[in-house]
Every structure is written in structure tokens, then in C-alpha cells.
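S.K.: Before I ask anything, let me first share the structure, which is written out below as C-alpha cells.
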Amino acid sequence: MTKFKAIKGNIASPKGFTADATHAELKFQKLDLGLILSDVPAAVAGVFTTNKVAAAPIDLDKAVVAGGVAQAIIVNSAIANAVTGDEGITNAKKTQRLLAEKFDLNPSHVAVCSTGVIGKQLPMDKIALGISKLSAENGHTNGFAEAILTTDLVTKEVTYEVEIAGKTFTVAGVCKGSGMIHPNMATMLGFITTDAKIAQPLLQDMLSEIIETTFNQITVDGDTSTNDTVLVMANGKADNAEILVDTEDYQVFKAVLAIVCQDLAKKIAADGEGATKLIEVNVTGAPDELSARLIAKQIVGSSLVKTAIFGADPNWGRVISAIGQVAPFDVPDIELEIQGDLVLLHSTPVDFDQAELSEKLKEKIVIIDADLNNGTQSGTAWGCDLTYKYVEINALYHS
């Protein structure tokens with residue numbers, strides 16, 4: 001019998017992983033430099049931003065993933081090291097080298113990530129001093145989730161324990177992201193560790209597939225960042241039999257990895273800059289999954305829908321408009337529910353209690369269900385409302 005359950009933990013919960021964080025003086029009185037370290041070289045998979053103006057660490061990390069092995073990830077906040085030219089690339093490589101020297105690692109096994117303000121160079125004297133303070137002894141394990149934050153209001157972590165054939169392994173995830181969120185990957189960084197044993201090519205294929213229905217189905221503001229990165233490290237320290245394709249173990253591990261990615265994605269959407277509500281959109285009855293996901297993301301990303309949700313206004317016309325903008329087929333027979341209240345049937349308005357639905361729209365989670373009655377495929381997307389606070393945060397954000 002196989003099972004998995006959520007447990008209290010952090011990114012260092014899987015066997016053989018440690019984590020630490022320190023204040024490198026990149027931000028005022030806050031943790032701003034974090035480390036994830038494996039006892040042994042681990043299989044690594046990664047997915048990166050599609051933004052053509054990619055930050056300096058992106059190509060470096062793509063090379064690490066191409067090599068198939070990673071043993072450490074170092075992350076700084078406050079400065080994105082994006083649009084920084086050759087100096088930025090040199091600084092990313094120097095960060096990689098300094099961490100490798102500190103922990104006696106192969107530099108090609110060190111991933112480097114940055115997040116923060118675009119266009120500023122990393123102060124390498126502060127980065128070097130910060131690295132010198134990092135420890136392999138779990139000195140500030142819980143601090144890693146805090147050290148990677150920018151405009152986020154809360155840390156975002158999940159941990160699952162899994163049992164397969166009498167062996168237990170753990171999958172843990174942590175991420176940051178609040179603004180510039182519109183993946184194909186967005187100012188978001190996500191890191192997942194596991195002590196399960198799985199070959200790198202299989203892990204990469206699995207992550208690439210799961211990303212499409214999790215992180216790539218969230219949107220806060222329609223802006224895709226320069227730094228988006230998701231990395232998974234699997235070090236095999238749980239001593240389980242290697243996970244192979246087309247096996248029950250494979251299905252269980254894939255399900256857990258998908259849940260971790262979905263949980264983290266929803267935490268990002270809920271913590272969107274200035275957000276007061278998480279919005280979930282479920283589209284069913286589509287002829288293909290891609291169309292269903294595209295339509296769901298269009299709805300949740302619509303500024304008109306987002307502002308209506310903020311104002312608790314059950315203006316279903318905005319939802320229908322969003323569907324019509326991107327649907328690659330005719331949609332003459334739509335059934336639409338908002339917070340469980342039917343507002344449209346066979347593309348015809350039905351009577352509903354507007355005052356009652358408005359009250360329901362004041363809840364922290366708002367769910368929109370759209371049945372297109374044109375197939376059997378479905379898709380889900382997550383986002384947040386658009387508030388006065390979002391404008392304030394981004395009008396005053398220092399650049």
C-alpha cells in the first residue's frame with residue numbers, strides 16, 4: 001500500500017539535505033542569502049523563464065541542469081542580477097565558485113539564483129562575506145524561506161512524507177513570488193528537495209510536464225519575470241528502489257511532486273502583491289486540455305475579472321468576455337457558476353440573488369466554474385484580485 005501525507009517540515013527535511021540563511025547586508029536587517037546543500041551529489045531538474053531578457057544566473061543554472069547533477073543552491077534576494085551585462089555573468093560565476101570553495105564542491109554542481117531589483121550589480125564583497133557565514137550544520141534552516149523573499153508577505157513551504165513498499169521518503173518545497181507573476185514561469189523562484197532515488201532524465205521529464213499544470217497556471221499581473229526558476233534535487237538518501245517509468249512507484253512520486261508544485265503555486269497566487277483573495281478558475285467541457293488551461297488562465301488574469309472580485313461584484317459578463325477573447329472554437333453553450341451560484345445556463349442569464357453572491361465574493365477564496373459543453377477536457381488556473389494596494393506597491397517599488 002502506498003500513501004503520502006503533509007507533514008511539518010522545511011526544505012531540509014529530506015534525508016541528506018541541510019539549509020542555512022544569513023544577512024549579507026543586501027537588505028536592511030533581513031535575511032537575504034540562503035543555501036540548500038546536499039550531503040552527496042543529487043540528480044537535478046530545472047525549468048526556467050521564457051523571458052528573452054533573462055537574468056545572468058539563468059544560463060549558468062541551465063548548464064548545471066544540463067550536466068544532470070547539483071549539490072548546492074545559493075539564492076540572494078534584493079538584487080536580481082538581471083540586465084547587468086558581462087559583469088553580471090562574471091558575478092554569478094564568482095558566486096558559484098565562492099560557494100564551491102566554501103563547501104569543497106564541484107563548481108558545476110552549484111546553482112545560483114537571484115531575485116530583486118533589475119539593473120543593479122551584486123556587491124560581491126557582501127556576497128563573499130555572506131557566503132563565509134553560511135553553514136552546513138542547519139544553522140538557520142527555517143530562515144531559507146525568509147531569505148528569498150522580496151515583496152512577499154509570507155513564506156511559502158510544503159513538505160510531504162511518502163511511503164512506497166515499506167520505504168519512506170520525503171518531498172519538500174519552498175518558493176517565493178508575489179509580483180511579476182505570469183508564467184510561463186514569473187518573479188518566482190521554486191526549490192524542491194527529495195531523498196528519493198530517481199534518474200535525472202526521468203526527473204526532468206516529470207518536472208517539465210507538471211510545470212504546465214501548476215506554476216504555469218498562475219498569474220498575478222501578467223508580467224513574466226527575468227529570473228523565474230524552479231529546481232528539483234533528488235539525492236537518493238532514502239535508499240528506496242530507484243523510481244522507474246511506468247511503475248506504481250513512478251505514479252506515486254509524480255502525484256506527490258505535482259501536489260508540491262500545485263501547493264506552492266497556489267501560495268504564490270494567494271500572496272500576490274496587494275491581494276486579498278485567491279481566485280481559482282476551473283474550465284471543463286473543452287475539446288482539448290491546452291484550450292481549457294488557456295481559457296482558465298485568461299479568466300483569472302483578466303484585470304476586469306480581478307477588479308470585480310476585489311469589489312465583490314458578481315459581474316459575470318467579464319468572465320464571458322475573457323472566455324471569448326481566447327477560445328479557439330465557438331462557445332455557444334456556456335454554463336457558469338461563481339462561488340457555486342449558477343449565473344449562466346446554455347449561454348443564457350439565470351436569476352440569482354446578487355446581494356447574496358456579493359457577500360460570497362468577500363470570502364478569501366473565490367471559485368469560478370465554467371463548463372463550455374464542447375468536449376471532455378478540463379483545466380485550472382489560479383490568481384488573485386487586483387487592489388489599490390497593488391498599484392501602491394508597484395508605484396513605490398524602488399528601481
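Ligands are numbered from 1 in the order shown, residues from 1 within each chain, and chains are lettered A, B, ... in the order they appear in the C-alpha cells.
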Just want the 6 Å neighbourhood of segment 324-338 of chain A, counted on only C-alpha atoms, with same-chain residues fewer than 2 positions away dropped. Output as number ranges by chain.

M.R.: A: 321-322, 340-347, 368-372

S.K.: Give me, as number ranges by chain, all polymer residues having an atom no more than 8 Å from segment 15-18 of chain A, counting only C-alpha atoms and skipping those fewer than 6 positions away in the same chain.

M.R.: A: 36-40, 136-138, 141, 170, 193-195, 235, 237-238

S.K.: Go through A:Leu294, A:Val112, A:Leu149, A:Val171 one by one, measure the shortest atom-to-atom distance of each to Ile7 of chain A using only C-alpha atoms, and give the residue with the smallest value.

M.R.: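 For Ile7 of chain A, the nearest of the given residues is A:Val171.
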
S.K.: For atom CA of Ile279 of chain A and atom CA of Asp385 of chain A, quote the distance in Å rounded to one decimal.

M.R.: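 Answer for the atom CA of Ile279 of chain A to atom CA of Asp385 of chain A separation: 7.1 Å.
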
S.K.: From a DSSP calculation on the backbone, collect every residue of segment 261-335 of chain A in alpha helix (DSSP H) and output the set as an NGL selection string.

M.R.: :A and (261-270 or 289-301 or 303-310 or 316-326)

S.K.: Do a neighbour search on Ser303 of chain A at 9 Å with only C-alpha atoms, toss out local chain neighbours closer than 3 positions, and write the hits as a ChimeraX atom specification.

M.R.: /A:221,299-300,306-308,385-386

S.K.: Using all heavy atoms, can you write the selected residues to a file as a short mmCIF file (atom, residue, chain, number, x, y, z; two decimals), in the first residue's frame?

M.R.:
```cif
data_model
loop_
_atom_site.label_atom_id
_atom_site.label_comp_id
_atom_site.auth_asym_id
_atom_site.auth_seq_id
_atom_site.Cartn_x
_atom_site.Cartn_y
_atom_site.Cartn_z
N ASP A 221 -0.19 39.45 -12.33
CA ASP A 221 -0.27 40.74 -13.01
C ASP A 221 0.07 40.70 -14.50
O ASP A 221 0.16 41.74 -15.14
CB ASP A 221 0.64 41.76 -12.31
CG ASP A 221 2.04 41.22 -12.08
OD1 ASP A 221 2.44 40.27 -12.79
OD2 ASP A 221 2.73 41.73 -11.19
N ILE A 299 -9.17 33.95 -17.90
CA ILE A 299 -10.18 34.45 -16.96
C ILE A 299 -9.52 34.99 -15.70
O ILE A 299 -9.78 36.12 -15.26
CB ILE A 299 -11.19 33.34 -16.59
CG1 ILE A 299 -12.00 32.91 -17.81
CG2 ILE A 299 -12.13 33.82 -15.48
CD1 ILE A 299 -12.82 31.65 -17.58
N VAL A 300 -8.65 34.19 -15.11
CA VAL A 300 -8.06 34.59 -13.84
C VAL A 300 -7.08 35.75 -14.01
O VAL A 300 -6.77 36.47 -13.06
CB VAL A 300 -7.38 33.37 -13.17
CG1 VAL A 300 -5.96 33.15 -13.67
CG2 VAL A 300 -7.40 33.51 -11.66
N LYS A 306 -10.48 40.49 -12.17
CA LYS A 306 -9.77 40.64 -10.90
C LYS A 306 -10.30 41.82 -10.09
O LYS A 306 -10.44 41.74 -8.87
CB LYS A 306 -8.26 40.81 -11.18
CG LYS A 306 -7.60 39.54 -11.70
CD LYS A 306 -6.35 39.82 -12.50
CE LYS A 306 -5.22 40.29 -11.65
NZ LYS A 306 -4.69 39.20 -10.80
N THR A 307 -10.60 42.93 -10.78
CA THR A 307 -11.13 44.09 -10.05
C THR A 307 -12.57 43.85 -9.61
O THR A 307 -12.98 44.33 -8.54
CB THR A 307 -11.05 45.36 -10.91
OG1 THR A 307 -11.60 45.12 -12.22
CG2 THR A 307 -9.60 45.80 -11.08
N ALA A 308 -13.34 43.11 -10.41
CA ALA A 308 -14.71 42.78 -9.98
C ALA A 308 -14.69 41.93 -8.72
O ALA A 308 -15.48 42.15 -7.80
CB ALA A 308 -15.44 42.05 -11.11
N ASP A 385 -7.07 38.85 -6.68
CA ASP A 385 -7.75 40.09 -7.06
C ASP A 385 -6.73 41.21 -7.28
O ASP A 385 -5.57 41.11 -6.89
CB ASP A 385 -8.80 40.47 -6.01
CG ASP A 385 -8.24 40.57 -4.60
OD1 ASP A 385 -7.13 40.04 -4.34
OD2 ASP A 385 -8.92 41.16 -3.73
N LEU A 386 -7.19 42.25 -7.95
CA LEU A 386 -6.35 43.41 -8.25
C LEU A 386 -6.84 44.57 -7.40
O LEU A 386 -7.99 45.01 -7.55
CB LEU A 386 -6.44 43.75 -9.74
CG LEU A 386 -5.56 44.89 -10.26
CD1 LEU A 386 -4.09 44.63 -9.98
CD2 LEU A 386 -5.80 45.08 -11.76
#
```

S.K.: Contacts of Ile259 of chain A at 12 Å or less, counting only C-alpha atoms, minus same-chain residues fewer than 3 places along, as a PyMOL selection string?

M.R.: chain A and resi 4-6+158-161+171-173+192+207+210-211+213-215+252-256+262-266

S.K.: Can you tell me, as a PyMOL selection string, what residues are no more than 7 Å from Thr84 of chain A when counting only C-alpha atoms, ignoring any on the same chain fewer than 4 positions away?

M.R.: chain A and resi 88+119-121

S.K.: As an mmCIF file with N, CA and C atoms, in the first residue's frame, please: the residues near Gly311 of chain A (cut-off 9 Å, only C-alpha atoms, same-chain neighbours under 6 positions excluded).

M.R.:
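So part-v3.cif came out as:
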```cif
data_model
loop_
_atom_site.group_PDB
_atom_site.id
_atom_site.type_symbol
_atom_site.label_atom_id
_atom_site.label_comp_id
_atom_site.auth_asym_id
_atom_site.auth_seq_id
_atom_site.Cartn_x
_atom_site.Cartn_y
_atom_site.Cartn_z
ATOM 1 N N SER A 358 -22.744 38.600 -3.834
ATOM 2 C CA SER A 358 -21.759 39.631 -3.493
ATOM 3 C C SER A 358 -21.120 39.347 -2.136
ATOM 4 N N LEU A 361 -18.580 36.695 -2.460
ATOM 5 C CA LEU A 361 -17.361 37.162 -3.112
ATOM 6 C C LEU A 361 -16.427 37.901 -2.167
ATOM 7 N N LYS A 362 -16.858 38.113 -0.939
ATOM 8 C CA LYS A 362 -15.983 38.719 0.063
ATOM 9 C C LYS A 362 -15.135 37.668 0.784
ATOM 10 N N ASP A 385 -7.074 38.852 -6.685
ATOM 11 C CA ASP A 385 -7.749 40.087 -7.057
ATOM 12 C C ASP A 385 -6.730 41.206 -7.279
ATOM 13 N N THR A 387 -5.966 45.068 -6.534
ATOM 14 C CA THR A 387 -6.392 46.004 -5.497
ATOM 15 C C THR A 387 -5.667 47.344 -5.582
#
```

S.K.: Quick one: pick out all strand (DSSP E) residues within segment 342-372 of chain A from a backbone DSSP run and write them as a list in words.

M.R.: Leu342, Val343, Leu344, Leu345, Thr348, Pro349, Ile365, Val366, Ile367, Ile368, Asp369, Ala370 and Asp371 of chain A

S.K.: Please produce a file of those selected residues containing N, CA and C atoms, as a compact mmCIF listing (two decimals), in the first residue's frame.

M.R.:
```
# COMPACT_ATOMS: atom_id res chain seq x y z
N LEU A 342 -25.22 29.40 -9.81
CA LEU A 342 -25.39 29.37 -11.26
C LEU A 342 -25.83 30.75 -11.74
N VAL A 343 -25.07 31.32 -12.69
CA VAL A 343 -25.41 32.65 -13.22
C VAL A 343 -25.69 32.61 -14.72
N LEU A 344 -25.28 31.51 -15.37
CA LEU A 344 -25.48 31.40 -16.80
C LEU A 344 -25.73 29.94 -17.16
N LEU A 345 -26.74 29.67 -17.97
CA LEU A 345 -27.07 28.31 -18.40
C LEU A 345 -27.40 28.34 -19.89
N THR A 348 -27.30 31.61 -21.43
CA THR A 348 -28.44 32.48 -21.15
C THR A 348 -28.44 32.84 -19.67
N PRO A 349 -28.60 34.12 -19.32
CA PRO A 349 -28.59 34.52 -17.91
C PRO A 349 -29.72 33.84 -17.14
N ILE A 365 -11.35 32.87 -0.58
CA ILE A 365 -11.16 32.05 -1.78
C ILE A 365 -12.39 32.18 -2.65
N VAL A 366 -12.20 32.55 -3.91
CA VAL A 366 -13.29 32.71 -4.87
C VAL A 366 -13.11 31.67 -5.98
N ILE A 367 -14.16 30.90 -6.24
CA ILE A 367 -14.08 29.85 -7.24
C ILE A 367 -15.06 30.13 -8.37
N ILE A 368 -14.54 30.09 -9.59
CA ILE A 368 -15.33 30.27 -10.80
C ILE A 368 -15.28 28.98 -11.61
N ASP A 369 -16.44 28.44 -11.96
CA ASP A 369 -16.52 27.20 -12.74
C ASP A 369 -17.22 27.49 -14.06
N ALA A 370 -16.54 27.19 -15.16
CA ALA A 370 -17.10 27.41 -16.49
C ALA A 370 -17.11 26.10 -17.27
N ASP A 371 -18.29 25.64 -17.65
CA ASP A 371 -18.44 24.44 -18.48
C ASP A 371 -18.76 24.90 -19.90
```

S.K.: Here is a test: counting only C-alpha atoms, which residue of A:Ile295, A:Val65, A:Leu357, A:Val47 is nearest to Thr229 of chain A?

M.R.: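 Selected residue with least distance to Thr229 of chain A: A:Val47.
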
S.K.: Rank nothing, just name the residue among A:Ala70, A:Leu60, A:Val350, A:Ile79 nearest to Val232 of chain A, using only C-alpha atoms.

M.R.: A:Ala70

S.K.: Just checking: using only C-alpha atoms, which residue out of A:Gly116, A:Gly379, A:Pro14, A:Gly317 ends up closest to Ala196 of chain A?

M.R.: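 So, comparing all the options, the nearest one is A:Pro14.
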